[in-house]
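**Q** Next comes the structure file run-v6.txt, holding compact mmCIF, C-alpha atoms.
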# COMPACT_ATOMS: atom_id res chain seq x y z
CA MET A 1 -26.03 29.68 12.43
CA ASP A 2 -25.22 29.31 16.12
CA PHE A 3 -27.42 26.22 16.27
CA ILE A 4 -25.58 24.57 13.35
CA LEU A 5 -22.23 25.46 14.88
CA SER A 6 -23.25 24.00 18.22
CA VAL A 7 -24.39 20.77 16.52
CA VAL A 8 -21.13 20.46 14.56
CA GLN A 9 -19.08 21.03 17.69
CA SER A 10 -21.13 18.63 19.81
CA PHE A 11 -19.55 15.42 21.05
CA TRP A 12 -22.07 13.17 19.29
CA PHE A 13 -21.66 14.80 15.86
CA GLN A 14 -17.90 14.65 16.20
CA ALA A 15 -18.15 11.00 17.24
CA ILE A 16 -20.10 10.09 14.08
CA LEU A 17 -17.68 12.08 11.90
CA LYS A 18 -14.65 10.41 13.47
CA LEU A 19 -16.09 6.90 13.14
CA VAL A 20 -16.94 7.38 9.46
CA LEU A 21 -13.58 8.99 8.69
CA GLY A 22 -11.68 6.27 10.56
CA PHE A 23 -13.57 3.60 8.64
CA LEU A 24 -12.83 5.24 5.26
CA LEU A 25 -9.11 5.82 5.89
CA ALA A 26 -8.48 2.35 7.30
CA GLY A 27 -10.59 0.81 4.54
CA LEU A 28 -8.51 2.59 1.90
CA ILE A 29 -5.37 0.87 3.18
CA GLY A 30 -7.25 -2.41 3.49
CA LEU A 31 -8.31 -2.23 -0.16
CA GLU A 32 -4.65 -2.03 -1.17
CA ARG A 33 -3.90 -5.15 0.88
CA SER A 34 -6.92 -6.92 -0.64
CA SER A 35 -5.64 -6.18 -4.15
CA TRP A 36 -2.52 -8.22 -3.26
CA SER A 37 -4.61 -11.05 -1.73
CA LYS A 38 -3.06 -10.52 1.68
CA PRO A 39 -4.47 -12.26 4.79
CA ALA A 40 -5.82 -9.01 6.29
CA GLY A 41 -7.73 -6.97 3.73
CA PHE A 42 -10.48 -4.36 3.60
CA ARG A 43 -12.69 -5.83 6.31
CA THR A 44 -9.88 -6.45 8.80
CA HIS A 45 -8.30 -3.01 8.37
CA SER A 46 -11.71 -1.29 8.49
CA LEU A 47 -12.65 -3.09 11.70
CA VAL A 48 -9.32 -2.31 13.35
CA GLY A 49 -9.46 1.34 12.27
CA ILE A 50 -13.02 2.00 13.39
CA SER A 51 -12.38 0.10 16.63
CA ALA A 52 -9.39 2.33 17.37
CA VAL A 53 -11.57 5.41 16.84
CA LEU A 54 -14.22 3.98 19.13
CA ILE A 55 -11.65 3.23 21.85
CA MET A 56 -10.41 6.82 21.68
CA LEU A 57 -13.98 8.14 21.82
CA CYS A 58 -14.70 5.84 24.73
CA GLY A 59 -11.73 7.28 26.61
CA GLU A 60 -12.91 10.84 25.86
CA TYR A 61 -16.46 10.00 26.94
CA MET A 62 -15.29 8.46 30.22
CA SER A 63 -13.11 11.48 30.94
CA ARG A 64 -16.17 13.71 30.47
CA GLU A 65 -18.52 11.61 32.56
CA TYR A 66 -16.26 10.10 35.21
CA ASN A 67 -13.12 12.29 35.14
CA ILE A 68 -10.90 9.34 34.11
CA ASP A 69 -7.59 9.64 32.27
CA PRO A 70 -8.62 9.30 28.56
CA SER A 71 -5.24 7.85 27.53
CA ARG A 72 -5.47 4.66 29.60
CA ILE A 73 -7.77 2.69 27.26
CA PRO A 74 -5.96 3.63 23.98
CA ALA A 75 -2.65 2.64 25.59
CA GLN A 76 -4.02 -0.87 26.22
CA LEU A 77 -5.19 -1.06 22.60
CA LEU A 78 -1.69 -0.38 21.24
CA SER A 79 -0.24 -3.21 23.31
CA GLY A 80 -3.05 -5.58 22.34
CA ILE A 81 -2.92 -4.94 18.58
CA GLY A 82 0.29 -6.97 18.50
CA PHE A 83 -1.72 -10.18 18.85
CA ILE A 84 -3.65 -9.45 15.65
CA GLY A 85 -0.49 -8.43 13.84
CA ALA A 86 1.29 -11.60 14.94
CA GLY A 87 -1.55 -13.65 13.50
CA THR A 88 -0.85 -12.31 10.01
CA ILE A 89 2.88 -13.16 10.11
CA LEU A 90 3.75 -16.58 8.72
CA ARG A 91 7.07 -18.31 8.21
CA ASP A 92 7.25 -20.71 5.28
CA GLY A 93 10.65 -22.02 4.28
CA PHE A 94 12.92 -19.08 3.49
CA ASN A 95 10.06 -16.61 3.45
CA VAL A 96 8.48 -14.59 6.22
CA LYS A 97 5.10 -13.36 5.06
CA GLY A 98 2.71 -10.84 6.54
CA LEU A 99 5.12 -8.32 8.06
CA THR A 100 3.84 -5.47 5.88
CA THR A 101 0.23 -6.36 6.64
CA ALA A 102 0.98 -6.49 10.37
CA ALA A 103 2.67 -3.10 10.16
CA GLY A 104 -0.36 -1.83 8.25
CA LEU A 105 -2.66 -2.95 11.05
CA LEU A 106 -0.54 -1.04 13.54
CA ALA A 107 -0.65 1.99 11.25
CA VAL A 108 -4.44 1.98 10.91
CA THR A 109 -4.71 1.61 14.69
CA CYS A 110 -2.65 4.76 15.15
CA ILE A 111 -4.63 6.48 12.40
CA GLY A 112 -7.86 5.54 14.16
CA LEU A 113 -6.57 6.85 17.49
CA SER A 114 -5.52 10.12 15.81
CA ILE A 115 -8.96 10.58 14.23
CA GLY A 116 -10.62 9.65 17.50
CA ALA A 117 -8.56 12.27 19.32
CA GLY A 118 -9.54 14.90 16.74
CA PHE A 119 -6.11 15.14 15.11
CA TYR A 120 -7.62 14.99 11.62
CA LEU A 121 -4.66 16.38 9.68
CA GLY A 122 -2.26 13.83 11.17
CA GLY A 123 -4.64 10.91 10.60
CA ILE A 124 -5.50 11.81 7.01
CA LEU A 125 -1.90 12.64 6.03
CA THR A 126 -0.63 9.41 7.61
CA ALA A 127 -3.27 7.35 5.80
CA VAL A 128 -2.23 8.86 2.45
CA ILE A 129 1.47 8.22 3.15
CA VAL A 130 0.84 4.63 4.29
CA TYR A 131 -1.22 3.96 1.16
CA ILE A 132 1.55 5.34 -1.06
CA ILE A 133 4.17 3.26 0.74
CA MET A 134 2.17 0.05 0.35
CA SER A 135 1.14 0.71 -3.24
CA TYR A 136 4.32 2.02 -4.82
CA SER A 137 7.34 1.15 -2.63
CA TYR A 138 7.86 -2.11 -4.54
CA LYS A 139 8.71 -0.09 -7.65
CA PHE A 140 11.72 1.36 -5.85
CA SER A 141 12.79 -1.95 -4.32
CA GLU A 142 12.67 -3.65 -7.73
CA LYS A 143 15.39 -1.29 -8.94
CA LEU A 144 17.77 -2.55 -6.27
CA ASP A 145 19.95 -5.58 -6.86
CA HIS A 146 18.53 -8.15 -4.49
CA PHE A 147 17.40 -11.75 -4.49
CA ASN A 148 13.79 -12.79 -4.91
CA ILE A 149 12.11 -16.01 -3.90
CA LEU A 150 9.97 -18.16 -6.20
CA GLU A 151 7.80 -20.82 -4.60
CA LEU A 152 6.08 -23.45 -6.71
CA GLU A 153 3.92 -26.46 -5.95
CA ILE A 154 4.02 -28.95 -8.82
CA LYS A 155 1.87 -32.03 -9.15
CA ILE A 156 3.22 -34.90 -11.21
CA SER A 157 1.49 -38.11 -12.17
CA LYS A 158 4.68 -40.15 -12.40
CA ASN A 159 7.28 -40.67 -9.74
CA GLY A 160 10.38 -40.42 -11.88
CA LYS A 161 13.79 -38.88 -11.60
CA GLU A 162 13.63 -37.68 -15.20
CA VAL A 163 10.63 -35.47 -14.43
CA LEU A 164 12.56 -33.72 -11.66
CA GLU A 165 15.56 -33.33 -13.96
CA GLN A 166 13.41 -31.65 -16.62
CA ILE A 167 11.97 -29.30 -14.00
CA GLU A 168 15.48 -28.47 -12.84
CA ASP A 169 16.58 -27.80 -16.43
CA VAL A 170 13.78 -25.27 -16.93
CA LEU A 171 14.65 -23.45 -13.69
CA ASN A 172 18.35 -23.44 -14.56
CA GLU A 173 17.50 -21.91 -17.92
CA TYR A 174 16.13 -18.89 -16.08
CA HIS A 175 18.99 -18.85 -13.54
CA ILE A 176 16.77 -19.89 -10.66
CA GLU A 177 18.75 -21.61 -7.93
CA ILE A 178 16.83 -24.30 -6.06
CA LYS A 179 17.20 -23.71 -2.32
CA GLN A 180 14.67 -26.23 -1.04
CA LEU A 181 12.87 -29.25 -2.49
CA LYS A 182 10.15 -31.20 -0.73
CA ARG A 183 8.31 -34.28 -1.94
CA LYS A 184 5.01 -35.39 -0.53
CA GLU A 185 4.49 -39.12 -0.60
CA LYS A 186 1.56 -40.48 -2.56
CA GLU A 187 -1.48 -41.51 -0.61
CA GLU A 188 -3.18 -44.83 -1.29
CA MET A 189 -6.06 -43.29 -3.22
CA ASP A 190 -4.00 -40.48 -4.78
CA SER A 191 -2.15 -41.20 -8.01
CA GLU A 192 -0.35 -37.83 -8.04
CA GLU A 193 2.70 -36.64 -6.16
CA LEU A 194 3.19 -33.10 -4.87
CA ILE A 195 6.59 -31.43 -5.20
CA LYS A 196 7.31 -28.12 -3.50
CA ILE A 197 10.21 -26.06 -4.83
CA ILE A 198 11.67 -22.89 -3.33
CA GLY A 199 14.03 -21.11 -5.73
CA GLN A 200 16.11 -17.95 -5.54
CA TYR A 201 16.80 -15.52 -8.38
CA ASN A 202 17.99 -11.95 -8.87
CA LYS A 203 16.66 -11.26 -12.35
CA LYS A 204 14.44 -8.18 -12.24
CA ASP A 205 12.35 -8.94 -15.34
CA LEU A 206 11.74 -12.64 -14.74
CA ASN A 207 8.88 -13.89 -16.93
CA LYS A 208 6.99 -16.16 -14.54
CA ASN A 209 4.24 -16.88 -17.06
CA GLU A 210 6.78 -18.25 -19.51
CA ILE A 211 8.31 -20.44 -16.81
CA MET A 212 4.91 -21.81 -15.83
CA ARG A 213 4.11 -22.56 -19.48
CA LYS A 214 7.37 -24.42 -20.02
CA LEU A 215 6.89 -26.43 -16.85
CA THR A 216 3.39 -27.49 -17.89
CA GLU A 217 4.80 -28.73 -21.20
CA ILE A 218 6.83 -31.36 -19.31
CA ASP A 219 5.29 -34.82 -19.50
CA TYR A 220 3.52 -35.99 -16.33
CA VAL A 221 3.26 -32.45 -14.88
CA THR A 222 -0.46 -32.03 -14.19
CA GLU A 223 -0.71 -28.84 -12.15
CA ILE A 224 1.47 -25.90 -11.05
CA LEU A 225 0.64 -23.43 -8.31
CA GLU A 226 2.71 -20.39 -7.37
CA GLU A 227 2.47 -19.55 -3.68
What does the file become when written as structure tokens?

**A**
Amino acid sequence: MDFILSVVQSFWFQAILKLVLGFLLAGLIGLERSSWSKPAGFRTHSLVGISAVLIMLCGEYMSREYNIDPSRIPAQLLSGIGFIGAGTILRDGFNVKGLTTAAGLLAVTCIGLSIGAGFYLGGILTAVIVYIIMSYSYKFSEKLDHFNILELEIKISKNGKEVLEQIEDVLNEYHIEIKQLKRKEKEEMDSEELIKIIGQYNKKDLNKNEIMRKLTEIDYVTEILEE
């Protein structure tokens, strides 16, 4: 019994336990991001989480072997994680995308550091709360009266004003206000023209599938992509 207890309490057993737990908790949050097709998914969150645990373990190991302050390396990690988070944030027209994913990366870093430090309850509880926030917070925000953004890329095979007017009529039917319209000029070998539309609406139960179907019924509309 004493032998088993000594093994469980040993640094190396605890290191393996912390690495596995950090990987699982960070991966859980990453799976939620992957389900929404976000730029940083399971692999990115898992790597960040397990790396944070390793950094914390490295600091603990160096404090044991060389009597070095174990908080110095994790402190550098928290300042450096901003570069990864910034890489997931994109600005496109009226939208800023990736803020939640960037915040998630910061969260899994802190979760990894907590697990690496042996604060299991804090790391596990935080991972559960972060997962709930990312998975279900949109249900609460949908109940609020706020504006939403609809971004569409539409390919048309005819450069005509009437095609744009028919597209505008469909969007007006669903009370979608066009805030930005971009047209990409045809290339020499390309017979189609790309139109990018950014619209704003506040209808909570907007049927996007129905809108897409009606837009595809317009003559000369060949393809529609929602961003």

**Q** Leaving out region 12-17 of chain A and any residue of its chain fewer than 3 positions from it, which residues lie within 9 Å of it when counting only C-alpha atoms, given as a list in words?

**A** Val7, Val8, Gln9, Val20, Leu21, Gly22, Val53, Leu54, Leu57, Gly116 and Gly118 of chain A

**Q** Using C-alpha atoms, can you write the selected residues to a file as an mmCIF file, in the coordinates of the input?

**A**
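Writing done, so here's part-v8.cif:
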data_model
loop_
_atom_site.group_PDB
_atom_site.id
_atom_site.type_symbol
_atom_site.label_atom_id
_atom_site.label_comp_id
_atom_site.auth_asym_id
_atom_site.auth_seq_id
_atom_site.Cartn_x
_atom_site.Cartn_y
_atom_site.Cartn_z
ATOM 1 C CA VAL A 7 -24.390 20.770 16.520
ATOM 2 C CA VAL A 8 -21.130 20.460 14.560
ATOM 3 C CA GLN A 9 -19.080 21.030 17.690
ATOM 4 C CA VAL A 20 -16.940 7.380 9.460
ATOM 5 C CA LEU A 21 -13.580 8.990 8.690
ATOM 6 C CA GLY A 22 -11.680 6.270 10.560
ATOM 7 C CA VAL A 53 -11.570 5.410 16.840
ATOM 8 C CA LEU A 54 -14.220 3.980 19.130
ATOM 9 C CA LEU A 57 -13.980 8.140 21.820
ATOM 10 C CA GLY A 116 -10.620 9.650 17.500
ATOM 11 C CA GLY A 118 -9.540 14.900 16.740
#

**Q** Using only C-alpha atoms, which of the listed residues (A:Arg64, A:Pro70, A:Ile50, A:Tyr136) sits closest to Leu105 (chain A)?

**A** A:Ile50

**Q** When you count only C-alpha atoms, which of these residues is closest to Leu150 (chain A): A:Ile29, A:Ile4, A:Ile224, A:Ile176?

**A**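 Selected residue with least distance to Leu150 (chain A): A:Ile176.
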
**Q** I'd like to know which of A:Val108, A:Ile195, A:Leu225, A:Ile73 is closest to Ile156 (chain A), using only C-alpha atoms.

**A**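 Of A:Val108, A:Ile195, A:Leu225, A:Ile73, the one nearest Ile156 (chain A) is A:Ile195, counting only C-alpha atoms.
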
**Q** Counting all atoms listed in the file, which residues sit no farther than 12 Å from the position (-10.5, 0.4, 7.8) in the file's frame? I'd like them as a ChimeraX atom specification.

**A** /A:19-34,40-53,104-112,127,131

**Q** Please dump the current selection as a tab-separated table (two decimals), keeping the file's coordinate frame; keep C-alpha atoms.

**A**
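So the final result, stored in part_30.tsv, reads:
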chain	number	residue	atom	x	y	z
A	19	LEU	CA	-16.09	6.90	13.14
A	20	VAL	CA	-16.94	7.38	9.46
A	21	LEU	CA	-13.58	8.99	8.69
A	22	GLY	CA	-11.68	6.27	10.56
A	23	PHE	CA	-13.57	3.60	8.64
A	24	LEU	CA	-12.83	5.24	5.26
A	25	LEU	CA	-9.11	5.82	5.89
A	26	ALA	CA	-8.48	2.35	7.30
A	27	GLY	CA	-10.59	0.81	4.54
A	28	LEU	CA	-8.51	2.59	1.90
A	29	ILE	CA	-5.37	0.87	3.18
A	30	GLY	CA	-7.25	-2.41	3.49
A	31	LEU	CA	-8.31	-2.23	-0.16
A	32	GLU	CA	-4.65	-2.03	-1.17
A	33	ARG	CA	-3.90	-5.15	0.88
A	34	SER	CA	-6.92	-6.92	-0.64
A	40	ALA	CA	-5.82	-9.01	6.29
A	41	GLY	CA	-7.73	-6.97	3.73
A	42	PHE	CA	-10.48	-4.36	3.60
A	43	ARG	CA	-12.69	-5.83	6.31
A	44	THR	CA	-9.88	-6.45	8.80
A	45	HIS	CA	-8.30	-3.01	8.37
A	46	SER	CA	-11.71	-1.29	8.49
A	47	LEU	CA	-12.65	-3.09	11.70
A	48	VAL	CA	-9.32	-2.31	13.35
A	49	GLY	CA	-9.46	1.34	12.27
A	50	ILE	CA	-13.02	2.00	13.39
A	51	SER	CA	-12.38	0.10	16.63
A	52	ALA	CA	-9.39	2.33	17.37
A	53	VAL	CA	-11.57	5.41	16.84
A	104	GLY	CA	-0.36	-1.83	8.25
A	105	LEU	CA	-2.66	-2.95	11.05
A	106	LEU	CA	-0.54	-1.04	13.54
A	107	ALA	CA	-0.65	1.99	11.25
A	108	VAL	CA	-4.44	1.98	10.91
A	109	THR	CA	-4.71	1.61	14.69
A	110	CYS	CA	-2.65	4.76	15.15
A	111	ILE	CA	-4.63	6.48	12.40
A	112	GLY	CA	-7.86	5.54	14.16
A	127	ALA	CA	-3.27	7.35	5.80
A	131	TYR	CA	-1.22	3.96	1.16

**Q** Would you kindly return, as a VMD selection string, each protein, DNA or RNA residue with an atom no farther than 12 Å from any atom of Ile197 (chain A), considering only C-alpha atoms and excluding same-chain residues fewer than 3 positions away?

**A** chain A and resid 92 to 94 149 to 155 164 167 to 168 171 176 to 184 194 200 224 to 227

**Q** Go ahead and compute the interatomic distance for CA of Ser79 (chain A) and CA of Ala103 (chain A), in Å to one decimal.

**A**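 Pair CA of Ser79 (chain A) / CA of Ala103 (chain A) returns 13.5 Å.
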
**Q** Excluding Ser157 (chain A) and any residue of its chain fewer than 4 positions from it, enumerate the residues within 7 Å of it, using only C-alpha atoms, and give them as a PyMOL selection string.

**A** chain A and resi 191-193+220-222
